[in-house]
Structure formats: C-alpha cells, structure tokens
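Chemist: mmCIF, C-alpha atoms and all ligand atoms, saved as start32.cif, coming up:
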data_my_file
#
loop_
_atom_site.label_atom_id
_atom_site.label_comp_id
_atom_site.auth_asym_id
_atom_site.auth_seq_id
_atom_site.Cartn_x
_atom_site.Cartn_y
_atom_site.Cartn_z
CA MET A 1 21.14 53.15 93.66
CA ASP A 2 20.25 55.57 90.95
CA LEU A 3 21.86 53.38 88.42
CA VAL A 4 19.72 50.43 89.50
CA TYR A 5 16.62 52.61 89.37
CA TYR A 6 17.36 53.77 85.84
CA PHE A 7 18.19 50.28 84.82
CA VAL A 8 14.81 48.99 86.08
CA VAL A 9 12.95 51.82 84.40
CA ALA A 10 14.79 51.21 81.18
CA LEU A 11 14.09 47.50 81.39
CA ALA A 12 10.41 48.15 82.07
CA ALA A 13 10.24 50.54 79.12
CA LEU A 14 11.99 48.01 76.94
CA LEU A 15 9.63 45.29 78.07
CA PHE A 16 6.66 47.49 77.43
CA ALA A 17 7.92 48.41 74.02
CA THR A 18 8.60 44.81 73.06
CA THR A 19 5.21 43.67 74.32
CA ALA A 20 3.54 46.46 72.38
CA LEU A 21 5.54 45.56 69.32
CA MET A 22 4.66 41.92 69.76
CA VAL A 23 0.99 42.67 70.14
CA LEU A 24 1.14 44.88 67.09
CA SER A 25 3.02 42.35 65.07
CA ILE A 26 0.68 39.55 66.08
CA ARG A 27 -2.20 41.69 64.96
CA ARG A 28 -0.38 42.48 61.73
CA THR A 29 0.38 38.82 61.21
CA ARG A 30 -3.27 37.99 61.75
CA GLU A 31 -4.26 40.62 59.23
CA LEU A 32 -1.72 39.27 56.82
CA LEU A 33 -3.00 35.78 57.38
CA THR A 34 -6.59 36.85 56.72
CA GLN A 35 -5.43 38.58 53.59
CA VAL A 36 -3.59 35.50 52.43
CA LYS A 37 -6.68 33.46 53.16
CA ARG A 38 -8.86 35.88 51.24
CA GLY A 39 -6.42 35.73 48.36
CA GLU A 40 -6.54 31.97 48.48
CA GLU A 41 -10.32 32.02 48.38
CA ALA A 42 -10.33 34.41 45.45
CA LEU A 43 -7.89 32.11 43.68
CA MET A 44 -10.12 29.12 44.36
CA ARG A 45 -13.12 30.97 42.99
CA ALA A 46 -11.21 32.04 39.88
CA HIS A 47 -10.07 28.46 39.43
CA GLN A 48 -13.65 27.24 39.73
CA ARG A 49 -14.81 29.79 37.19
CA LEU A 50 -12.02 28.82 34.82
CA LYS A 51 -12.86 25.20 35.27
CA SER A 52 -16.53 25.65 34.49
CA ALA A 53 -15.65 27.87 31.52
CA HIS A 54 -13.36 25.10 30.33
CA GLU A 55 -16.12 22.52 30.79
CA GLU A 56 -18.46 24.76 28.84
CA LEU A 57 -15.94 25.14 26.03
CA LYS A 58 -15.43 21.42 26.01
CA SER A 59 -19.15 20.81 25.72
CA VAL A 60 -19.41 23.36 22.87
CA ASP A 61 -16.56 21.49 21.19
CA LYS A 62 -18.37 18.22 21.75
CA LEU A 63 -21.56 19.67 20.26
CA LYS A 64 -19.59 20.80 17.21
CA THR A 65 -17.91 17.41 16.89
CA ASP A 66 -21.22 15.59 17.25
CA PHE A 67 -22.76 17.83 14.62
CA MET A 68 -19.87 17.14 12.22
CA ASN A 69 -20.17 13.41 12.77
CA ILE A 70 -23.90 13.43 12.10
CA ALA A 71 -23.43 15.60 9.01
CA ALA A 72 -20.73 13.23 7.75
CA HIS A 73 -22.92 10.21 8.41
CA GLU A 74 -25.96 11.67 6.64
CA LEU A 75 -23.99 12.93 3.63
CA LYS A 76 -22.00 9.78 3.15
CA THR A 77 -24.56 7.07 3.84
CA PRO A 78 -26.43 7.46 0.52
CA LEU A 79 -23.10 7.29 -1.29
CA VAL A 80 -22.45 3.78 0.02
CA PRO A 81 -25.10 1.95 -2.05
CA MET A 82 -24.50 4.32 -4.99
CA VAL A 83 -20.80 3.49 -5.20
CA GLY A 84 -21.28 -0.17 -4.35
CA TYR A 85 -24.06 -0.98 -6.84
CA LEU A 86 -22.52 1.04 -9.66
CA HIS A 87 -19.34 -0.98 -9.26
CA LEU A 88 -21.30 -4.22 -9.22
CA ILE A 89 -22.85 -3.27 -12.57
CA ASN A 90 -19.42 -2.17 -13.75
CA ARG A 91 -18.26 -5.80 -13.63
CA LYS A 92 -20.86 -6.73 -16.25
CA LYS A 93 -20.42 -6.78 -19.98
CA LEU A 94 -22.30 -3.78 -21.37
CA GLY A 95 -23.10 -2.35 -24.79
CA PRO A 96 -21.21 0.84 -25.74
CA GLU A 97 -24.04 3.17 -24.80
CA ASP A 98 -24.66 1.60 -21.40
CA ARG A 99 -20.92 1.49 -20.82
CA GLU A 100 -20.69 5.23 -21.48
CA SER A 101 -23.68 5.95 -19.22
CA LEU A 102 -22.20 3.93 -16.42
CA ASP A 103 -18.79 5.56 -16.78
CA ILE A 104 -20.40 8.99 -16.50
CA ALA A 105 -22.34 7.91 -13.42
CA LEU A 106 -19.18 6.49 -11.83
CA ARG A 107 -17.16 9.59 -12.61
CA ASN A 108 -19.77 11.86 -11.09
CA THR A 109 -20.20 9.70 -8.03
CA LYS A 110 -16.48 9.97 -7.47
CA ARG A 111 -16.70 13.72 -7.89
CA LEU A 112 -19.52 13.95 -5.36
CA GLN A 113 -17.58 11.75 -2.96
CA ARG A 114 -14.56 14.07 -3.18
CA LEU A 115 -16.73 17.13 -2.74
CA VAL A 116 -18.39 15.70 0.36
CA ASP A 117 -15.00 14.77 1.84
CA ASP A 118 -13.59 18.22 1.09
CA ILE A 119 -16.58 20.09 2.52
CA LEU A 120 -16.48 18.01 5.68
CA ASP A 121 -12.73 18.57 5.99
CA ILE A 122 -12.91 22.33 5.59
CA ALA A 123 -15.85 22.55 8.03
CA LYS A 124 -13.95 20.56 10.64
CA LEU A 125 -10.74 22.51 10.09
CA GLU A 126 -12.39 25.91 10.26
CA SER A 127 -14.38 25.07 13.38
CA LYS A 128 -11.21 23.61 14.95
CA VAL A 129 -12.72 20.21 15.70
CA MET A 130 -10.44 18.31 13.32
CA LYS A 131 -8.46 15.78 15.32
CA PHE A 132 -4.82 15.47 14.29
CA ARG A 133 -2.53 12.61 15.08
CA VAL A 134 0.88 13.70 16.32
CA GLU A 135 3.77 11.60 15.11
CA ASP A 136 7.34 12.04 13.93
CA VAL A 137 7.08 12.68 10.21
CA GLN A 138 9.88 12.30 7.66
CA LEU A 139 8.86 14.80 4.98
CA ALA A 140 11.39 13.43 2.50
CA ASP A 141 9.56 10.08 2.51
CA LEU A 142 6.20 11.79 2.36
CA VAL A 143 7.32 13.75 -0.72
CA ARG A 144 8.52 10.58 -2.47
CA ASP A 145 5.29 8.72 -1.64
CA SER A 146 3.04 11.57 -2.79
CA VAL A 147 4.97 11.93 -6.03
CA ALA A 148 4.65 8.20 -6.64
CA GLY A 149 0.91 8.44 -6.00
CA ALA A 150 0.49 11.24 -8.54
CA ARG A 151 2.57 9.53 -11.23
CA PRO A 152 -0.42 8.06 -13.14
CA PHE A 153 -2.07 11.50 -13.40
CA ALA A 154 1.17 13.08 -14.66
CA GLY A 155 1.58 10.21 -17.14
CA GLU A 156 -1.95 10.76 -18.44
CA LYS A 157 -1.09 14.38 -19.19
CA GLY A 158 2.40 13.64 -20.55
CA ILE A 159 4.15 15.69 -17.89
CA THR A 160 7.44 14.85 -16.20
CA LEU A 161 7.05 14.58 -12.45
CA LYS A 162 10.09 14.52 -10.22
CA ALA A 163 10.83 14.40 -6.49
CA VAL A 164 13.98 16.09 -5.21
CA ALA A 165 14.69 15.36 -1.57
CA PRO A 166 17.66 14.29 0.53
CA ARG A 167 17.45 10.80 1.93
CA ARG A 168 16.56 12.18 5.34
CA LEU A 169 15.48 15.55 6.66
CA GLN A 170 15.00 16.68 10.22
CA LEU A 171 11.74 15.28 11.52
CA VAL A 172 8.62 17.37 11.90
CA HIS A 173 5.77 16.73 14.28
CA GLY A 174 2.36 16.10 12.83
CA ASP A 175 -0.31 14.03 11.20
CA PRO A 176 1.24 12.13 8.27
CA GLY A 177 -2.12 11.51 6.60
CA ARG A 178 -3.07 15.17 6.66
CA LEU A 179 0.37 16.32 5.51
CA ALA A 180 0.19 13.85 2.65
CA GLN A 181 -3.17 15.41 1.77
CA VAL A 182 -1.48 18.84 1.50
CA LEU A 183 1.22 17.45 -0.80
CA THR A 184 -1.27 15.57 -2.94
CA ASN A 185 -3.47 18.64 -3.36
CA LEU A 186 -0.51 20.81 -4.40
CA ILE A 187 0.90 18.20 -6.76
CA ASN A 188 -2.48 17.51 -8.36
CA ASN A 189 -3.01 21.24 -8.87
CA ALA A 190 0.41 21.61 -10.46
CA ILE A 191 -0.31 18.77 -12.89
CA LYS A 192 -3.87 19.94 -13.51
CA PHE A 193 -2.83 23.47 -14.44
CA THR A 194 0.15 22.42 -16.56
CA ASP A 195 -0.31 21.29 -20.16
CA ARG A 196 3.33 20.69 -21.03
CA GLY A 197 6.63 20.67 -19.23
CA ASN A 198 7.31 19.40 -15.76
CA VAL A 199 6.43 19.42 -12.11
CA VAL A 200 9.19 19.26 -9.51
CA VAL A 201 8.58 18.64 -5.82
CA GLU A 202 11.53 19.62 -3.69
CA ALA A 203 12.01 19.30 0.06
CA ARG A 204 14.91 20.84 1.92
CA ALA A 205 16.03 21.81 5.40
CA ARG A 206 16.26 25.43 6.38
CA ARG A 207 17.17 27.05 9.66
CA GLY A 208 14.58 25.79 12.17
CA ASP A 209 12.16 24.43 9.60
CA VAL A 210 11.70 22.21 6.59
CA ALA A 211 10.37 23.68 3.35
CA VAL A 212 8.64 21.93 0.46
CA GLU A 213 8.21 23.48 -2.98
CA VAL A 214 5.95 22.31 -5.78
CA ARG A 215 7.08 23.97 -9.02
CA ASP A 216 5.28 23.72 -12.34
CA THR A 217 5.65 25.11 -15.85
CA GLY A 218 1.91 25.63 -16.25
CA ILE A 219 -0.56 28.44 -16.98
CA GLY A 220 0.49 30.53 -13.98
CA ILE A 221 -1.61 32.88 -11.88
CA ALA A 222 -2.36 36.58 -12.36
CA LYS A 223 -0.72 38.79 -9.74
CA GLU A 224 -4.04 40.11 -8.40
CA ASP A 225 -5.27 36.54 -7.82
CA ILE A 226 -2.35 35.42 -5.65
CA PRO A 227 -3.75 36.81 -2.36
CA LYS A 228 -7.10 35.06 -3.00
CA LEU A 229 -5.73 31.61 -3.75
CA PHE A 230 -6.10 30.16 -0.26
CA THR A 231 -9.67 31.33 0.33
CA LYS A 232 -12.28 28.65 -0.06
CA PHE A 233 -14.17 28.33 -3.34
CA PHE A 234 -11.78 30.69 -5.11
CA GLN A 235 -10.95 29.69 -8.67
CA ALA A 236 -9.18 31.95 -11.14
CA GLU A 237 -11.61 33.06 -13.89
CA THR A 238 -14.73 31.09 -14.69
CA SER A 239 -13.40 29.60 -17.92
CA ALA A 240 -10.68 27.85 -15.93
CA ARG A 241 -13.39 26.33 -13.80
CA ARG A 242 -15.16 24.80 -16.74
CA LYS A 243 -11.95 23.59 -18.31
CA TYR A 244 -10.30 22.11 -15.23
CA GLY A 245 -13.17 21.24 -12.91
CA GLY A 246 -12.78 21.20 -9.16
CA THR A 247 -14.41 23.29 -6.47
CA GLY A 248 -11.76 25.60 -5.10
CA LEU A 249 -11.46 23.91 -1.72
CA GLY A 250 -8.07 22.23 -2.17
CA LEU A 251 -5.85 25.17 -1.25
CA ALA A 252 -8.09 26.35 1.60
CA ILE A 253 -7.77 22.88 3.14
CA CYS A 254 -3.98 22.96 2.64
CA LYS A 255 -3.73 26.31 4.42
CA GLU A 256 -5.76 25.16 7.42
CA ILE A 257 -3.74 21.96 7.79
CA VAL A 258 -0.36 23.69 7.47
CA GLN A 259 -1.33 26.41 9.93
CA ALA A 260 -2.63 23.88 12.45
CA HIS A 261 0.88 22.39 12.30
CA GLY A 262 2.41 25.79 13.08
CA GLY A 263 3.65 26.20 9.50
CA LYS A 264 3.27 28.64 6.61
CA ILE A 265 2.06 28.26 3.03
CA TRP A 266 2.49 30.67 0.11
CA ALA A 267 2.55 30.94 -3.68
CA ASP A 268 4.62 32.67 -6.36
CA SER A 269 3.79 32.72 -10.02
CA GLU A 270 4.49 34.21 -13.38
CA PRO A 271 1.48 34.05 -15.71
CA GLY A 272 2.23 31.90 -18.72
CA LYS A 273 5.48 30.57 -17.24
CA GLY A 274 4.47 28.60 -14.17
CA SER A 275 3.79 28.63 -10.46
CA THR A 276 5.51 27.60 -7.26
CA PHE A 277 3.54 26.62 -4.18
CA SER A 278 5.57 26.29 -0.99
CA PHE A 279 4.99 25.44 2.61
CA SER A 280 7.26 25.20 5.62
CA LEU A 281 6.88 23.27 8.85
CA PRO A 282 8.82 23.83 12.06
CA ILE A 283 11.16 20.98 12.89
CA LYS A 284 10.21 18.73 15.77
CA GLY A 285 10.27 20.49 19.13
CA LYS A 286 10.13 24.01 17.66
CA ALA A 287 6.37 24.34 17.70
CA LEU A 288 3.53 22.12 18.69
CA ILE A 289 0.63 21.22 16.53
CA THR A 290 -2.69 22.35 17.97
CA THR A 291 -4.76 19.29 18.59
CA GLU A 292 -8.03 19.02 20.46
CA MET B 1 -18.67 -22.46 3.94
CA VAL B 2 -17.30 -19.31 5.53
CA LYS B 3 -20.03 -17.42 7.34
CA ILE B 4 -20.12 -13.64 7.65
CA MET B 5 -22.57 -11.66 9.74
CA ALA B 6 -23.30 -8.17 8.35
CA VAL B 7 -24.73 -5.61 10.77
CA ASP B 8 -26.02 -2.27 9.47
CA ASP B 9 -29.20 -0.27 10.05
CA GLU B 10 -29.46 0.82 6.39
CA PRO B 11 -31.46 -1.78 4.42
CA ASP B 12 -29.80 -0.76 1.13
CA ILE B 13 -26.36 -1.26 2.60
CA ILE B 14 -27.29 -4.62 4.12
CA ARG B 15 -28.54 -5.74 0.73
CA LEU B 16 -25.34 -4.51 -0.92
CA LEU B 17 -23.11 -6.30 1.59
CA THR B 18 -25.14 -9.48 1.20
CA ARG B 19 -24.96 -9.38 -2.58
CA ILE B 20 -21.23 -8.72 -2.76
CA LEU B 21 -20.35 -11.37 -0.18
CA LYS B 22 -22.73 -14.04 -1.52
CA ARG B 23 -21.42 -13.62 -5.05
CA ALA B 24 -17.94 -14.16 -3.68
CA GLY B 25 -19.10 -17.45 -2.16
CA TYR B 26 -19.64 -16.54 1.47
CA GLU B 27 -22.66 -17.44 3.53
CA VAL B 28 -24.25 -14.24 4.86
CA VAL B 29 -26.36 -13.57 7.94
CA ALA B 30 -27.83 -10.08 7.86
CA CYS B 31 -28.76 -8.09 10.98
CA SER B 32 -30.39 -4.68 10.92
CA SER B 33 -29.47 -3.68 14.46
CA GLY B 34 -26.86 -4.19 17.14
CA GLU B 35 -29.43 -5.88 19.36
CA GLU B 36 -30.25 -8.40 16.64
CA CYS B 37 -26.57 -9.17 16.18
CA LEU B 38 -26.08 -9.78 19.91
CA LYS B 39 -29.09 -12.06 19.96
CA LYS B 40 -27.94 -14.13 16.99
CA PHE B 41 -24.18 -14.32 16.95
CA ARG B 42 -23.69 -17.06 19.52
CA ALA B 43 -25.97 -19.50 17.74
CA GLU B 44 -24.73 -18.52 14.27
CA LYS B 45 -21.01 -18.67 15.12
CA PRO B 46 -19.95 -16.46 12.19
CA ASP B 47 -16.30 -16.47 11.10
CA LEU B 48 -16.46 -12.69 10.90
CA ILE B 49 -18.85 -9.95 11.95
CA LEU B 50 -18.92 -6.76 9.85
CA LEU B 51 -20.24 -4.18 12.27
CA ASP B 52 -21.50 -0.69 11.48
CA ILE B 53 -20.64 1.90 14.15
CA MET B 54 -23.27 4.62 13.93
CA MET B 55 -26.61 2.88 14.43
CA PRO B 56 -29.74 3.94 16.27
CA GLY B 57 -30.31 1.99 19.47
CA MET B 58 -27.18 0.18 20.55
CA ASP B 59 -24.23 1.56 18.60
CA GLY B 60 -21.35 -0.45 17.20
CA TRP B 61 -18.98 0.28 20.11
CA HIS B 62 -21.35 -1.13 22.66
CA VAL B 63 -22.16 -4.13 20.54
CA TYR B 64 -18.44 -4.72 20.08
CA LYS B 65 -17.75 -4.61 23.80
CA ARG B 66 -20.58 -7.02 24.56
CA ILE B 67 -19.45 -9.43 21.86
CA LYS B 68 -15.91 -9.44 23.24
CA GLU B 69 -17.18 -9.99 26.79
CA ILE B 70 -19.09 -13.02 25.66
CA ASP B 71 -16.55 -14.40 23.20
CA GLU B 72 -13.13 -12.82 23.15
CA GLY B 73 -12.07 -14.76 20.08
CA GLN B 74 -14.92 -13.57 17.88
CA ARG B 75 -13.54 -11.73 14.83
CA VAL B 76 -15.16 -8.34 14.30
CA ALA B 77 -14.37 -5.65 11.71
CA PHE B 78 -15.90 -2.20 11.91
CA LEU B 79 -17.63 -0.50 9.01
CA THR B 80 -17.78 3.27 9.14
CA VAL B 81 -18.48 6.35 7.06
CA LEU B 82 -16.41 8.61 9.29
CA GLY B 83 -13.24 9.91 7.66
CA VAL B 84 -11.22 10.15 10.82
CA PRO B 85 -11.48 7.02 12.89
CA GLU B 86 -12.05 7.82 16.50
CA PRO B 87 -10.48 6.19 18.38
CA SER B 88 -7.85 5.75 15.71
CA ARG B 89 -7.70 2.67 13.57
CA GLU B 90 -4.53 1.57 15.38
CA ALA B 91 -6.22 1.94 18.76
CA MET B 92 -9.12 -0.16 17.58
CA ILE B 93 -6.97 -2.87 16.19
CA GLU B 94 -5.10 -2.83 19.50
CA MET B 95 -8.47 -3.26 21.19
CA GLY B 96 -8.77 -6.48 19.22
CA ALA B 97 -10.80 -5.38 16.20
CA ALA B 98 -9.82 -7.24 13.05
CA ASP B 99 -10.03 -4.18 10.80
CA TYR B 100 -11.68 -0.88 10.18
CA ILE B 101 -13.33 -0.63 6.78
CA MET B 102 -14.34 2.74 5.37
CA LYS B 103 -17.66 3.23 3.61
CA PRO B 104 -18.21 3.84 0.73
CA PHE B 105 -16.22 0.87 -0.59
CA THR B 106 -16.07 -0.82 -3.97
CA PRO B 107 -16.84 -4.56 -4.03
CA ASP B 108 -13.18 -5.30 -4.77
CA GLU B 109 -11.98 -3.24 -1.82
CA LEU B 110 -14.41 -4.93 0.55
CA LEU B 111 -13.54 -8.44 -0.63
CA LYS B 112 -9.83 -7.75 -0.39
CA ARG B 113 -10.17 -6.65 3.22
CA VAL B 114 -12.43 -9.55 4.13
CA LYS B 115 -10.07 -12.05 2.55
CA ALA B 116 -7.11 -10.54 4.38
CA ILE B 117 -8.93 -10.80 7.72
CA LEU B 118 -9.97 -14.43 7.18
CA LYS B 119 -6.56 -15.59 6.02
N1 LIG A 301 -0.41 25.14 -9.86
C1 LIG A 301 -1.33 26.04 -10.23
N2 LIG A 301 -1.22 26.72 -11.38
C2 LIG A 301 -2.14 27.64 -11.74
N3 LIG A 301 -3.24 27.94 -11.03
C3 LIG A 301 -3.41 27.30 -9.86
C4 LIG A 301 -2.48 26.31 -9.40
N4 LIG A 301 -2.93 25.85 -8.21
C5 LIG A 301 -4.07 26.49 -7.95
N5 LIG A 301 -4.38 27.37 -8.95
C6 LIG A 301 -5.53 28.27 -9.00
O1 LIG A 301 -6.08 28.36 -7.70
C7 LIG A 301 -7.43 27.93 -7.72
C8 LIG A 301 -7.77 27.27 -6.39
O2 LIG A 301 -7.08 26.03 -6.26
P1 LIG A 301 -7.74 24.89 -5.37
O3 LIG A 301 -6.84 23.74 -5.33
O4 LIG A 301 -8.14 25.52 -4.09
O5 LIG A 301 -9.07 24.56 -6.15
P2 LIG A 301 -9.29 23.68 -7.46
O6 LIG A 301 -8.07 22.90 -7.79
O7 LIG A 301 -9.84 24.58 -8.52
O8 LIG A 301 -10.45 22.71 -7.01
P3 LIG A 301 -10.34 21.50 -5.97
O9 LIG A 301 -8.97 21.52 -5.40
O10 LIG A 301 -11.40 21.80 -4.96
O11 LIG A 301 -10.62 20.30 -6.79
C9 LIG A 301 -7.55 27.03 -8.91
O12 LIG A 301 -8.86 26.95 -9.40
C10 LIG A 301 -6.62 27.74 -9.91
O13 LIG A 301 -7.30 28.82 -10.50
MG MG A 302 -7.07 21.71 -6.25
#
Do you think you could lay out the structure here as structure tokens?
Modeler:
Amino acid sequence: MDLVYYFVVALAALLFATTALMVLSIRRTRELLTQVKRGEEALMRAHQRLKSAHEELKSVDKLKTDFMNIAAHELKTPLVPMVGYLHLINRKKLGPEDRESLDIALRNTKRLQRLVDDILDIAKLESKVMKFRVEDVQLADLVRDSVAGARPFAGEKGITLKAVAPRRLQLVHGDPGRLAQVLTNLINNAIKFTDRGNVVVEARARRGDVAVEVRDTGIGIAKEDIPKLFTKFFQAETSARRKYGGTGLGLAICKEIVQAHGGKIWADSEPGKGSTFSFSLPIKGKALITTE
Amino acid sequence: MVKIMAVDDEPDIIRLLTRILKRAGYEVVACSSGEECLKKFRAEKPDLILLDIMMPGMDGWHVYKRIKEIDEGQRVAFLTVLGVPEPSREAMIEMGAADYIMKPFTPDELLKRVKAILK
C-alpha cells in the first residue's frame, strides 16, 4: 500500500517537474526564437545599409567616370581637326621654310596629344575608375613585341636593344594593352636616358611571380632621387628636362598600372653607369587584378 | 561610287571627314546629328556610316541600335575620342559594328580603316 502511495506521489512529482520544465523550456525556446528573429532583422537592416552604401559608392564611381569621359572628350575634340588638317597639308609639296614650320607644328601636336593621353590616364588610375581588361597574358611575347616597337627609336640613337625571354613563361592575369604601356614607357626611358651602349629587356620566372627588367647603360640616377622616381611630374634636375623633354608622368602611370595588377615596381641605379627598372607580376591565380 | 555617311556634331570634324573621303574618291553625305542620320540613311543607302559616339541629343549608341533595328545589314563604324572603348572594341564588333576608329586620326589611318571595312 505504502509503496503504491509513494510511487503515485513520486510520479506526480515527476510529472509536475517535467511539466514545469517543459513550460520553462517552451518559454526559453520562444525567447530564443524572438532573439533569432531580432538578429535576423538586424542582419536585414545591416544588409540594406550596406546595399545602399554600395549603391552610393557606385553612383560616386559613375560620377567620376562620367567626369573623366567628358574631360577626355573636351580635351581631345580640338585635337581631331588639328591633327587631321596638319596631315592633309603635310601631303603637299612645300618650300623649306613652310616644311620646317609644319614639322614643328606636327611635332608639338603629337606632344600635346601624348600629354593629354597621359594626364587622362593618370587621373583615371589615381581615382580608380580606369577599367582594365582581364586576360591571360604571356609576358614573354609582350616583351618581344614592345622591344620590336621601340627598335626605330633605339636605331635613331645608335643603341643596341635586345629582348631576353624564354619562349614561354607562366601566364599572368591582366590587361595586355596596359601592360604593354608599362613596358613601352620603361624601354623608351631607358633609350632616352642612354647616349651610348645598350638596353636589355629581360623577363624571367621567379617563385610565384614573373619579373621583367629593363637595364640600360645610360646617365643613371642619383641615390637621393630614386625614391621620388615614381611620383608624378618628377624629373631629375631641370637641365635633364630641357635636354630630354617629357613631363614626368611615365613612371607614375607605370606604378599605378603595375599595382592595380597586384605587382611591384622598383629601380636601381648607379650614376654614370646605368639604371635598371624592374617590375614583377603575380602568376595567374595568385592575385586578382582590381577592376571596377 | 561608294557612298559614306559621316555623322559628327563638330562642324570642323565633319568638314575634315568630308575632305579626306572626297579626295580619296568617295561620295560623302554629312550629318551633324544622330537624328539627321536616322532621317536620311534609308533614302541615301550609304555603303558605310561613320558614327560619332558622344553627341548631344541622341548619342551614337542609340543611333546605332535604331539603325540596326531598321536595317541589320547596314555597315556602321564608330568614331570616338575615348581611349578605352566601353564596351570594348571586341564587344562592339561582336554587336555587329564594322570597326571602332579612334580620334584623332591621320588621313592615312582613316582611309586604311575605311578601305578595310569596305573590302
Ligand atoms: N632609364 C633611366 N635612366 C635615367 N633616368 C631615368 C630613367 N628613367 C627615368 N629616369 C628619370 O626619372 C624621371 C621620370 O621619368 P618618367 O618616365 O616618369 O618621366 P619622363 O620620361 O621625364 O617624361 P614622360 O615619361 O612623361 O615623357 C625622368 O625625367 C628621369 O629623370
Ligand atoms: Mg618617360
């Protein structure tokens, strides 16, 4: 009898306890659910905010791009009839004085054209609105092509120009036109600042990246100038500017392009002996170029 | 005689295009706006339309799309001052454009491209 009594009491107590626990746990579950829901809502709000911030950034980018396009249009449009008509006159037979005048006009138009292109490039690169194509690029081919393109300039100055590259290197990811621009700028500098000797462009594979070197036997660069080389409008000493021309934008453009590709660019030099400009680019898959 | 329609809002550039092309023996129809080009091209039946992109009013893209809606076979080449084609030159040629010619150009460059398109 007693046993049954205790059993019933124990059962009742157990039942009570379980019910209480159940009620408690249901309440707890509800609380948890509300918390989860609140968390979800907060996430949604954060997502919304991020989205509108992103939209805003995109519209700022669009404003910048639009501005660049308008600037390019306005700066380049007057050049179109200038270049076109000067070349039409250029086909004519002219006396020596007119010939000289026209040649000077043509030369300066070309200079202005290059300056406009360079200024637009650096503005786009620095404000990060430059659009890059992303393709597989064979730097060995690019080196050979750029060297071939610079051959007439080297010939004019009586300098030997040589490309040293294996038949194939590991591919890099990037914009072939822009990378060619880097090579051309470095090669043209090397020729420009070298009065005798040679310029060698060498590409080789390293661990994880591909490196290109442009070596010359030219005037060289003072040690204190090396850190300033890649800043825009920098040119070593004013006399050099008058002698060699240019604006000091070439290397700044190179730096921006190489860095946008996830690469590095640097210079070594010994004044009077020559300079070496190098850049390296991560091989395909190691780093992604920052587009858009 | 091969007929080329030149569309550009800059009078000096229109005159330049006309002069270069006429001297090379082409017949030239000049238009100073996209609207004018759309109005004229069906009657004129040019062998090639040289179309500027950035123009006030209807820009080159819109004009291009309308032309292709009306006559898919019409040959059109873009003229542009922008350094980086957008969409890319390849994309445009895929879209059916005959070429993408950068301004400024020298007469020789222009004629070479035009000849290549008409071949
Ligand atoms: N290979 C080189 N040898 C010696 N000095 C160099 C060499 N490359 C660059 N420099 C120095 O660095 C400066 C900046 O070069 P950068 O290419 O930016 O401008 P630039 O060649 O003077 O003009 P731009 O490239 O705008 O026509 C040059 O003016 C020159 O003083
Ligand atoms: Mg330079």
Chemist: Could you give me, as a PyMOL selection string, the residues that sit within 10 Å of (-11.1, -14.2, 9.5) in the file's coordinates, counting only C-alpha atoms?
Modeler: chain B and resi 2-4+46-49+74-77+98+113-119
Chemist: Per residue of chain B within 12 Å of chain A, record the nearest atom pair and its distance in Å to one decimal, counting only C-alpha atoms, with rows in chain order and ascending residue number, as CSV.
Modeler:
residue,atom,partner,partner_atom,distance
B:Asp8,CA,A:Thr77,CA,11.0
B:Asp9,CA,A:Thr77,CA,10.7
B:Glu10,CA,A:Thr77,CA,8.3
B:Pro11,CA,A:Pro81,CA,9.8
B:Asp12,CA,A:Pro81,CA,6.3
B:Ile13,CA,A:Pro81,CA,5.8
B:Ile14,CA,A:Pro81,CA,9.3
B:Arg15,CA,A:Pro81,CA,8.9
B:Leu16,CA,A:Pro81,CA,6.6
B:Leu17,CA,A:Gly84,CA,8.7
B:Thr18,CA,A:Gly84,CA,11.5
B:Arg19,CA,A:Leu88,CA,9.2
B:Ile20,CA,A:Leu88,CA,7.9
B:Leu21,CA,A:Leu88,CA,11.6
B:Arg23,CA,A:Leu88,CA,10.3
B:Ala24,CA,A:Leu88,CA,11.9
B:Asp52,CA,A:Thr77,CA,11.3
B:Ile53,CA,A:His73,CA,10.4
B:Met54,CA,A:His73,CA,7.9
B:Met55,CA,A:His73,CA,10.2
B:Pro56,CA,A:Ile70,CA,11.9
B:Leu79,CA,A:Val80,CA,11.1
B:Thr80,CA,A:His73,CA,8.7
B:Val81,CA,A:His73,CA,6.0
B:Leu82,CA,A:Ala72,CA,6.5
B:Gly83,CA,A:Asp117,CA,7.8
B:Val84,CA,A:Lys131,CA,7.7
B:Pro85,CA,A:Lys131,CA,9.6
B:Glu86,CA,A:Lys131,CA,8.8
B:Pro87,CA,A:Lys131,CA,10.3
B:Ser88,CA,A:Arg133,CA,8.7
B:Arg89,CA,A:Arg133,CA,11.3
B:Glu90,CA,A:Arg133,CA,11.2
B:Ala91,CA,A:Arg133,CA,11.9
B:Met102,CA,A:Val80,CA,9.8
B:Lys103,CA,A:Val80,CA,6.0
B:Pro104,CA,A:Val80,CA,4.3
B:Phe105,CA,A:Gly84,CA,6.4
B:Thr106,CA,A:Gly84,CA,5.3
B:Pro107,CA,A:Gly84,CA,6.3
B:Asp108,CA,A:His87,CA,8.8
B:Glu109,CA,A:Gly84,CA,10.1
B:Leu110,CA,A:Gly84,CA,9.7
B:Leu111,CA,A:Gly84,CA,11.9
Chemist: Would you name the residues within 6 Å of ligand LIG 301 (chain A), counting only C-alpha atoms and all ligand atoms, and put them as a ChimeraX atom specification?
Modeler: /A:189-190,193,218-221,229,234-236,246-252,275
Chemist: Which residue out of A:Leu21, A:Val200, A:Cys254, A:Ile226 has the minimum interatomic distance to ligand MG 302 (chain A) when all atoms listed in the file are used?
Modeler: A:Cys254
Chemist: Between atom CA of A:Phe230 and atom CA of A:Ile122, what is the distance, to one decimal in Å?
Modeler: 11.9 Å
Chemist: With distances taken over all atoms listed in the file, which of A:Lys157, A:His47, A:Arg114, A:Lys273 is nearest to ligand MG 302 (chain A)?
Modeler: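 Selected residue with least distance to ligand MG 302 (chain A): A:Arg114.
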Chemist: Can you tell me which residues surround stretch 68-70 of chain B at a distance of at most 10 Å, considering all atoms listed in the file, apart from same-chain residues fewer than 4 positions away, and format the answer as number ranges by chain?
Modeler: B: 38, 42, 62-64, 74-76, 95-97
Chemist: Limited to C-alpha atoms, could you put the picked residues into a file as a tab-separated table (two decimals), in the frame of the given file?
Modeler:
chain	number	residue	atom	x	y	z
B	38	LEU	CA	-26.08	-9.78	19.91
B	42	ARG	CA	-23.69	-17.06	19.52
B	62	HIS	CA	-21.35	-1.13	22.66
B	63	VAL	CA	-22.16	-4.13	20.54
B	64	TYR	CA	-18.44	-4.72	20.08
B	74	GLN	CA	-14.92	-13.57	17.88
B	75	ARG	CA	-13.54	-11.73	14.83
B	76	VAL	CA	-15.16	-8.34	14.30
B	95	MET	CA	-8.47	-3.26	21.19
B	96	GLY	CA	-8.77	-6.48	19.22
B	97	ALA	CA	-10.80	-5.38	16.20
Chemist: Between B:Ile67, B:Val7, B:Cys37, B:Met1, which is the closest to B:Lys22 once you count all atoms listed in the file?
Modeler: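 Checking each of B:Ile67, B:Val7, B:Cys37, B:Met1 against B:Lys22, counting all atoms listed in the file, the winner is B:Met1.
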Chemist: As a PyMOL selection string, please: the residues near stretch 255-264 of chain A (cut-off 10 Å, all atoms listed in the file, same-chain neighbours under 6 positions excluded).
Modeler: chain A and resi 121-122+124-126+128+130+132+134+172-175+178-179+181-182+209-211+229-232+278-283+286-291
